file my_file-v2.csv (CSV, C-alpha atoms)
chain,number,residue,atom,x,y,z
A,20,MET,CA,-41.5,-23.5,60.5
A,21,ARG,CA,-38.4,-25.4,61.6
A,22,GLU,CA,-35.2,-23.4,61.5
A,23,VAL,CA,-32.4,-24.7,59.3
A,24,LYS,CA,-29.6,-26.1,61.3
A,25,ARG,CA,-25.9,-25.4,60.6
A,26,VAL,CA,-23.3,-28.1,61.2
A,27,LEU,CA,-19.6,-27.4,60.7
A,28,ILE,CA,-17.0,-30.1,59.9
A,29,LEU,CA,-13.6,-29.0,61.1
A,30,PRO,CA,-10.7,-31.3,60.2
A,31,GLN,CA,-7.6,-30.5,62.2
A,32,PHE,CA,-4.0,-31.9,62.3
A,33,ASN,CA,-1.5,-30.4,64.6
A,34,GLU,CA,-3.3,-27.0,64.8
A,35,SER,CA,-2.6,-26.3,68.5
A,36,ARG,CA,-1.9,-22.6,67.8
A,37,THR,CA,-5.1,-21.9,66.0
A,38,VAL,CA,-7.8,-24.4,66.7
A,39,LEU,CA,-9.2,-22.8,69.8
A,40,GLU,CA,-9.5,-19.4,68.1
A,41,VAL,CA,-11.3,-21.1,65.2
A,42,LEU,CA,-13.7,-23.0,67.5
A,43,SER,CA,-14.5,-19.8,69.5
A,44,GLY,CA,-15.2,-17.8,66.4
A,45,ALA,CA,-17.3,-20.5,64.6
A,46,ALA,CA,-19.4,-21.7,67.6
A,47,PRO,CA,-21.7,-18.7,67.8
A,48,GLU,CA,-22.4,-19.1,64.0
A,49,VAL,CA,-23.4,-22.8,64.0
A,50,ASP,CA,-25.5,-25.3,65.9
A,51,HIS,CA,-23.0,-28.0,66.0
A,52,ILE,CA,-19.3,-28.6,65.3
A,53,VAL,CA,-17.8,-31.9,64.3
A,54,VAL,CA,-14.0,-31.7,65.0
A,55,VAL,CA,-12.1,-34.5,63.2
A,56,ASN,CA,-8.7,-34.9,64.8
A,57,ASP,CA,-6.7,-36.4,62.1
A,58,GLY,CA,-4.0,-38.2,64.1
A,59,SER,CA,-2.5,-35.1,65.6
A,60,THR,CA,0.8,-35.5,67.5
A,61,ASP,CA,0.7,-32.2,69.3
A,62,THR,CA,-1.7,-31.0,72.0
A,63,SER,CA,-4.5,-29.9,69.7
A,64,ALA,CA,-6.8,-32.8,70.6
A,65,LEU,CA,-6.3,-32.1,74.3
A,66,LEU,CA,-7.1,-28.4,73.7
A,67,VAL,CA,-10.3,-29.3,71.9
A,68,THR,CA,-11.3,-31.6,74.7
A,69,ALA,CA,-10.7,-28.9,77.4
A,70,TRP,CA,-12.7,-26.4,75.3
A,71,MET,CA,-15.6,-28.8,75.1
A,72,LEU,CA,-15.6,-29.1,78.9
A,73,ARG,CA,-15.0,-25.5,79.8
A,74,SER,CA,-16.5,-23.3,77.1
A,75,ARG,CA,-20.1,-22.2,77.2
A,76,ASP,CA,-20.3,-23.4,73.6
A,77,GLY,CA,-18.5,-26.7,74.3
A,78,ALA,CA,-21.7,-28.7,74.3
A,79,LYS,CA,-22.1,-27.9,70.6
A,80,ALA,CA,-19.0,-30.0,69.7
A,81,THR,CA,-18.3,-33.6,68.9
A,82,LEU,CA,-14.7,-34.8,68.7
A,83,ILE,CA,-13.8,-37.6,66.3
A,84,ASN,CA,-10.3,-39.0,66.9
A,85,LEU,CA,-8.5,-40.9,64.1
A,86,GLY,CA,-5.7,-43.1,65.2
A,87,ARG,CA,-3.4,-42.0,62.4
A,88,ASN,CA,-3.2,-39.2,59.9
A,89,HIS,CA,-5.4,-39.8,56.8
A,90,GLY,CA,-5.0,-36.3,55.2
A,91,MET,CA,-7.6,-33.6,54.7
A,92,SER,CA,-9.7,-35.8,52.4
A,93,GLY,CA,-9.8,-38.7,54.9
A,94,ALA,CA,-10.7,-36.4,57.7
A,95,LEU,CA,-13.5,-34.8,55.6
A,96,LEU,CA,-14.8,-38.2,54.6
A,97,THR,CA,-15.0,-39.1,58.3
A,98,GLY,CA,-16.9,-36.0,59.0
A,99,LEU,CA,-19.3,-36.6,56.2
A,100,CYS,CA,-19.9,-40.1,57.4
A,101,TYR,CA,-20.8,-38.7,60.8
A,102,ILE,CA,-23.2,-36.2,59.2
A,103,TRP,CA,-24.9,-39.2,57.4
A,104,ARG,CA,-25.4,-40.9,60.8
A,105,LEU,CA,-27.0,-37.8,62.2
A,106,MET,CA,-29.3,-37.7,59.1
A,107,GLU,CA,-30.2,-41.4,59.6
A,108,ALA,CA,-31.0,-40.7,63.2
A,109,GLY,CA,-33.3,-37.9,62.3
A,110,MET,CA,-31.1,-35.3,64.0
A,111,LEU,CA,-30.5,-33.5,60.7
A,112,SER,CA,-32.7,-33.0,57.7
A,113,GLU,CA,-31.7,-32.9,54.0
A,114,SER,CA,-32.3,-29.2,53.9
A,115,ASP,CA,-29.9,-28.4,56.8
A,116,ILE,CA,-26.6,-26.8,56.0
A,117,VAL,CA,-23.3,-28.6,56.3
A,118,LEU,CA,-20.2,-26.3,56.3
A,119,THR,CA,-16.5,-27.2,56.0
A,120,MET,CA,-13.5,-25.0,56.9
A,121,ASP,CA,-9.9,-25.3,57.9
A,122,ALA,CA,-8.7,-25.2,61.5
A,123,ASP,CA,-5.4,-23.4,60.6
A,124,GLY,CA,-7.0,-19.9,60.9
A,125,GLN,CA,-6.8,-19.0,57.2
A,126,HIS,CA,-10.6,-18.9,57.0
A,127,ASP,CA,-12.6,-16.2,58.9
A,128,PRO,CA,-15.5,-17.7,60.9
A,129,GLY,CA,-17.2,-14.4,60.5
A,130,ASP,CA,-17.8,-15.3,56.8
A,131,ILE,CA,-20.0,-18.2,57.8
A,132,PRO,CA,-23.3,-16.2,57.9
A,133,GLY,CA,-22.6,-14.8,54.4
A,134,LEU,CA,-21.9,-18.3,52.9
A,135,CYS,CA,-25.1,-19.6,54.5
A,136,THR,CA,-27.1,-16.6,53.2
A,137,GLN,CA,-25.8,-17.1,49.7
A,138,LEU,CA,-26.8,-20.8,49.9
A,139,GLU,CA,-30.3,-19.9,51.2
A,140,GLN,CA,-31.0,-17.1,48.7
A,141,SER,CA,-29.7,-19.0,45.6
A,142,ASP,CA,-30.9,-22.2,44.0
A,143,ALA,CA,-27.4,-23.7,44.6
A,144,ALA,CA,-26.9,-26.8,46.6
A,145,LEU,CA,-23.2,-26.1,47.2
A,146,VAL,CA,-21.6,-22.6,47.7
A,147,LEU,CA,-17.8,-22.7,47.6
A,148,GLY,CA,-16.2,-19.6,49.0
A,149,ARG,CA,-14.1,-17.6,46.5
A,150,ARG,CA,-10.9,-16.6,48.3
A,151,ASP,CA,-9.3,-13.2,48.0
A,152,MET,CA,-5.9,-14.5,46.9
A,153,GLY,CA,-4.2,-11.1,46.8
A,154,SER,CA,-1.6,-12.2,49.4
A,155,TYR,CA,-0.7,-15.4,47.5
A,156,PRO,CA,2.4,-15.6,45.3
A,157,ALA,CA,1.9,-15.5,41.5
A,158,PHE,CA,2.8,-19.2,41.0
A,159,LYS,CA,0.1,-20.2,43.5
A,160,ARG,CA,-2.5,-18.0,41.8
A,161,PHE,CA,-1.5,-19.5,38.5
A,162,GLY,CA,-1.8,-23.1,39.8
A,163,ASN,CA,-5.2,-22.3,41.3
A,164,THR,CA,-6.4,-20.9,37.9
A,165,ILE,CA,-5.3,-24.1,36.1
A,166,LEU,CA,-6.9,-26.4,38.7
A,167,SER,CA,-10.1,-24.3,38.6
A,168,ALA,CA,-10.2,-24.5,34.8
A,169,TRP,CA,-9.7,-28.2,34.9
A,170,ALA,CA,-12.6,-28.6,37.3
A,171,THR,CA,-14.8,-26.4,35.2
A,172,CYS,CA,-14.1,-28.6,32.1
A,173,LEU,CA,-14.9,-31.8,33.9
A,174,SER,CA,-17.8,-30.7,36.1
A,175,GLY,CA,-19.8,-28.4,33.7
A,176,SER,CA,-19.9,-25.8,36.5
A,177,ARG,CA,-17.8,-22.6,36.4
A,178,TYR,CA,-15.1,-22.6,39.0
A,179,ILE,CA,-13.1,-19.6,39.9
A,180,ASP,CA,-11.4,-21.0,43.0
A,181,VAL,CA,-12.1,-24.8,43.2
A,182,GLU,CA,-9.4,-25.3,45.7
A,183,SER,CA,-11.1,-23.4,48.5
A,184,GLY,CA,-11.9,-25.5,51.5
A,185,PHE,CA,-14.6,-23.1,52.8
A,186,ARG,CA,-18.0,-24.5,51.8
A,187,ALA,CA,-21.6,-24.5,52.6
A,188,MET,CA,-23.9,-27.2,51.2
A,189,ARG,CA,-27.3,-28.7,51.7
A,190,ALA,CA,-27.1,-31.9,53.6
A,191,TRP,CA,-28.7,-33.8,50.7
A,192,VAL,CA,-25.4,-33.4,48.8
A,193,VAL,CA,-23.7,-35.6,51.4
A,194,ALA,CA,-25.3,-38.8,50.0
A,195,ASP,CA,-23.7,-38.3,46.6
A,196,LEU,CA,-20.3,-37.4,48.1
A,197,LEU,CA,-20.3,-40.6,50.1
A,198,ARG,CA,-21.2,-42.6,46.9
A,199,PHE,CA,-18.2,-41.3,44.9
A,200,PHE,CA,-15.7,-39.4,47.1
A,201,THR,CA,-12.5,-41.4,47.7
A,202,GLY,CA,-11.2,-39.5,50.7
A,203,TRP,CA,-7.6,-39.9,49.4
A,204,LYS,CA,-4.9,-37.7,50.9
A,205,TYR,CA,-5.4,-34.0,49.9
A,206,THR,CA,-7.5,-34.2,46.7
A,207,CYS,CA,-10.8,-33.4,48.3
A,208,ALA,CA,-11.3,-30.0,46.6
A,209,GLN,CA,-11.3,-31.3,43.0
A,210,GLU,CA,-13.3,-34.4,43.9
A,211,ILE,CA,-16.0,-32.6,45.8
A,212,GLY,CA,-16.3,-29.9,43.1
A,213,ILE,CA,-16.6,-32.4,40.3
A,214,ILE,CA,-18.8,-34.9,42.1
A,215,ALA,CA,-21.3,-32.4,43.3
A,216,SER,CA,-21.8,-30.9,39.8
A,217,ARG,CA,-21.8,-34.2,37.9
A,218,ALA,CA,-24.3,-35.6,40.3
A,219,GLY,CA,-26.7,-32.9,39.4
A,220,HIS,CA,-26.3,-30.3,42.2
A,221,ARG,CA,-25.9,-26.7,41.3
A,222,VAL,CA,-22.7,-25.1,42.5
A,223,ASP,CA,-22.0,-21.4,43.2
A,224,ASN,CA,-18.4,-20.3,43.4
A,225,SER,CA,-19.0,-16.5,43.3
A,226,HIS,CA,-19.3,-15.6,47.0
A,227,PRO,CA,-16.1,-13.9,48.2
A,228,VAL,CA,-14.4,-14.9,51.5
A,229,LYS,CA,-11.4,-13.5,53.3
A,230,VAL,CA,-8.1,-15.2,53.7
A,231,ARG,CA,-6.3,-14.2,56.9
A,232,TYR,CA,-2.8,-15.2,55.7
A,233,TYR,CA,-1.0,-17.3,53.1
A,234,ARG,CA,0.2,-20.8,54.2
A,235,ASP,CA,2.6,-22.6,51.9
A,236,GLY,CA,2.7,-26.3,51.5
A,237,ALA,CA,1.2,-27.5,48.2
A,238,ARG,CA,3.6,-28.5,45.5
A,239,VAL,CA,3.4,-29.2,41.7
A,240,ARG,CA,3.0,-32.9,42.3
A,241,ASP,CA,0.0,-32.2,44.6
A,242,GLY,CA,-1.6,-30.2,41.8
A,243,LEU,CA,-1.1,-33.1,39.4
A,244,ALA,CA,-2.6,-35.5,41.9
A,245,ASN,CA,-5.6,-33.2,42.3
A,246,MET,CA,-6.1,-33.2,38.5
A,247,LEU,CA,-5.8,-36.9,38.2
A,248,MET,CA,-8.3,-37.6,41.1
A,249,GLY,CA,-10.6,-35.0,39.6
A,250,ALA,CA,-10.6,-37.0,36.3
A,251,TRP,CA,-11.2,-40.2,38.3
A,252,ALA,CA,-14.1,-38.6,40.1
A,253,PHE,CA,-15.6,-37.7,36.7
A,254,VAL,CA,-15.3,-41.3,35.5
A,255,ARG,CA,-16.8,-42.7,38.7
A,256,VAL,CA,-19.9,-40.6,38.5
A,257,GLU,CA,-20.4,-41.1,34.8
A,258,LEU,CA,-20.0,-44.8,35.0
A,259,GLY,CA,-22.0,-45.1,38.3
A,260,LEU,CA,-19.1,-46.6,40.2
A,261,ALA,CA,-20.8,-45.9,43.5
A,262,SER,CA,-20.6,-47.0,47.1
A,263,THR,CA,-23.6,-47.3,49.4
A,264,PRO,CA,-23.6,-44.3,51.9
A,265,GLY,CA,-24.6,-46.4,54.9
A,266,ALA,CA,-22.1,-49.1,54.3
A,267,ARG,CA,-19.4,-46.5,53.7
A,268,ALA,CA,-20.2,-44.8,57.0
A,269,ASP,CA,-20.0,-48.1,58.8
A,270,ARG,CA,-16.5,-48.8,57.4
A,271,VAL,CA,-15.1,-45.3,57.9
A,272,LEU,CA,-16.4,-44.7,61.4
A,273,LYS,CA,-15.1,-48.1,62.6
A,274,ARG,CA,-11.6,-46.6,62.6
A,275,ALA,CA,-12.7,-43.6,64.6
A,276,SER,CA,-13.4,-42.8,68.2
A,277,VAL,CA,-16.4,-40.4,68.6
A,278,VAL,CA,-16.7,-38.4,71.8
A,279,SER,CA,-19.4,-35.8,72.7
A,280,ALA,CA,-19.2,-33.1,75.4
A,281,ALA,CA,-21.7,-35.2,77.4
A,282,ASP,CA,-19.4,-38.2,77.2
A,283,LEU,CA,-16.5,-36.1,78.5
A,284,GLU,CA,-18.6,-34.8,81.4
A,285,ARG,CA,-19.6,-38.3,82.5
A,286,ARG,CA,-15.9,-39.4,82.4
A,287,VAL,CA,-15.0,-36.4,84.6
A,288,GLU,CA,-17.8,-37.1,87.1
A,289,ALA,CA,-16.8,-40.8,87.3
A,290,ARG,CA,-13.3,-40.0,88.5

call {"tool": "encode", "arguments": {"input": "my_file-v2.csv", "output": "structure tokens"}}
result
Amino acid sequence: MREVKRVLILPQFNESRTVLEVLSGAAPEVDHIVVVNDGSTDTSALLVTAWMLRSRDGAKATLINLGRNHGMSGALLTGLCYIWRLMEAGMLSESDIVLTMDADGQHDPGDIPGLCTQLEQSDAALVLGRRDMGSYPAFKRFGNTILSAWATCLSGSRYIDVESGFRAMRAWVVADLLRFFTGWKYTCAQEIGIIASRAGHRVDNSHPVKVRYYRDGARVRDGLANMLMGAWAFVRVELGLASTPGARADRVLKRASVVSAADLERRVEAR
């Protein structure tokens, strides 16, 4: 029988301090990594390029460069569009596993096998890692509880930690995400959680994952934006306000530059 492939989408924006460690840790656990460089202004894109050329696992990676910063949601949308292209080309099947994680080092790549095992042994189509938030301040834990309760009400699935960016999903979920996901700024967690469930995919948010450190950044207004976009995701799915995945991929990938390890090697040889 054909083995299930694992493909990781890794959005990154100015993560020069951590991206190589994340790549090196994740590469042995997956078959391919789609790095979406979200308009970085530091050296992180150059570091990824060098890693693709020099690392023994570099051939596993594809680098997608966005000309300007689109936010986590826009970067994830770009990665999902690339996954759709791989599926159209027959390079991925619907039963393969698509993972997402952050490039800032908060997520432990060592948790990838556990997430995938949870997905394979359950009847869920999406497993969302439940973070150990013991190192988070009380206000952050409270906000996460409110956002998770909001997503639970709108989605019909029970969420404990809807804001986690560490996910494993069957590739067949990508089609529905491309139909309804806006890719707006930083509201991806609420949108993905609600869209996946309302579109009929079973979601599991019980599997624990580690958090290496707490990183501040989100504000009250970000939480309110997440709740608003979560409600809009609910409305879009219920009313069938959908895009066509193929056309969506065409539009999104037009703004991107896609470079494989083989492309980089040919450029080096041509010099």

call {"tool": "residues_around", "arguments": {"input": "my_file-v2.csv", "residues": "Arg238 in chain A", "least_positions_apart": "2", "cutoff": "12 Å", "atoms": "only C-alpha atoms", "output": "VMD selection string"}}
result
chain A and resid 158 to 159 162 to 163 205 235 to 236 240 to 245

call {"tool": "residues_around", "arguments": {"input": "my_file-v2.csv", "residues": "range 79-90 of chain A", "least_positions_apart": "4", "cutoff": "8 Å", "atoms": "only C-alpha atoms", "output": "PyMOL selection string"}}
result
chain A and resi 32+46+50-59+67-68+71+94+203-205+274-280

call {"tool": "closest_residue", "arguments": {"input": "my_file-v2.csv", "among": "A:Ala144, A:Leu27, A:Ala187, A:Ile165", "to": "Val222 in chain A", "atoms": "all atoms listed in the file"}}
result
A:Ala144

call {"tool": "atom_distance", "arguments": {"input": "my_file-v2.csv", "atom1": "CA of Pro264 in chain A", "atom2": "CA of Met106 in chain A"}}
result
11.3 Å

call {"tool": "atom_distance", "arguments": {"input": "my_file-v2.csv", "atom1": "CA of Leu39 in chain A", "atom2": "CA of Asp130 in chain A"}}
result
17.3 Å

call {"tool": "closest_residue", "arguments": {"input": "my_file-v2.csv", "among": "A:Ala69, A:Met152, A:Ala45, A:Leu138", "to": "Tyr232 in chain A", "atoms": "all atoms listed in the file"}}
result
A:Met152

call {"tool": "closest_residue", "arguments": {"input": "my_file-v2.csv", "among": "A:Thr164, A:Gln140, A:Thr62, A:Gln125", "to": "Lys229 in chain A", "atoms": "only C-alpha atoms"}}
result
A:Gln125

call {"tool": "closest_residue", "arguments": {"input": "my_file-v2.csv", "among": "A:Leu134, A:Leu196, A:Val41, A:Ile102", "to": "Gly212 in chain A", "atoms": "all atoms listed in the file"}}
result
A:Leu196

call {"tool": "closest_residue", "arguments": {"input": "my_file-v2.csv", "among": "A:His226, A:Val256, A:Thr119, A:Phe161", "to": "Ser92 in chain A", "atoms": "only C-alpha atoms"}}
result
A:Thr119

call {"tool": "closest_residue", "arguments": {"input": "my_file-v2.csv", "among": "A:Ile179, A:Leu95, A:Leu72, A:Leu173", "to": "Phe200 in chain A", "atoms": "all atoms listed in the file"}}
result
A:Leu95

call {"tool": "atom_distance", "arguments": {"input": "my_file-v2.csv", "atom1": "CA of Glu210 in chain A", "atom2": "CA of Met120 in chain A"}}
result
16.0 Å

call {"tool": "residues_around", "arguments": {"input": "my_file-v2.csv", "residues": "range 215-219 of chain A", "least_positions_apart": "3", "cutoff": "10 Å", "atoms": "all atoms listed in the file", "output": "list in words"}}
result
Ala144, Leu145, Ala170, Thr171, Leu173, Ser174, Gly175, Ser176, Arg177, Met188, Val192, Val193, Asp195, Leu196, Phe199, Phe200, Glu210, Ile211, Gly212, Val222, Ala252, Phe253, Val254, Arg255, Val256, Glu257 and Gly259 of chain A

call {"tool": "residues_around", "arguments": {"input": "my_file-v2.csv", "residues": "Trp169 in chain A", "least_positions_apart": "6", "cutoff": "10 Å", "atoms": "all atoms listed in the file", "output": "PyMOL selection string"}}
result
chain A and resi 163+177-178+181+209+213+245-246+249-250
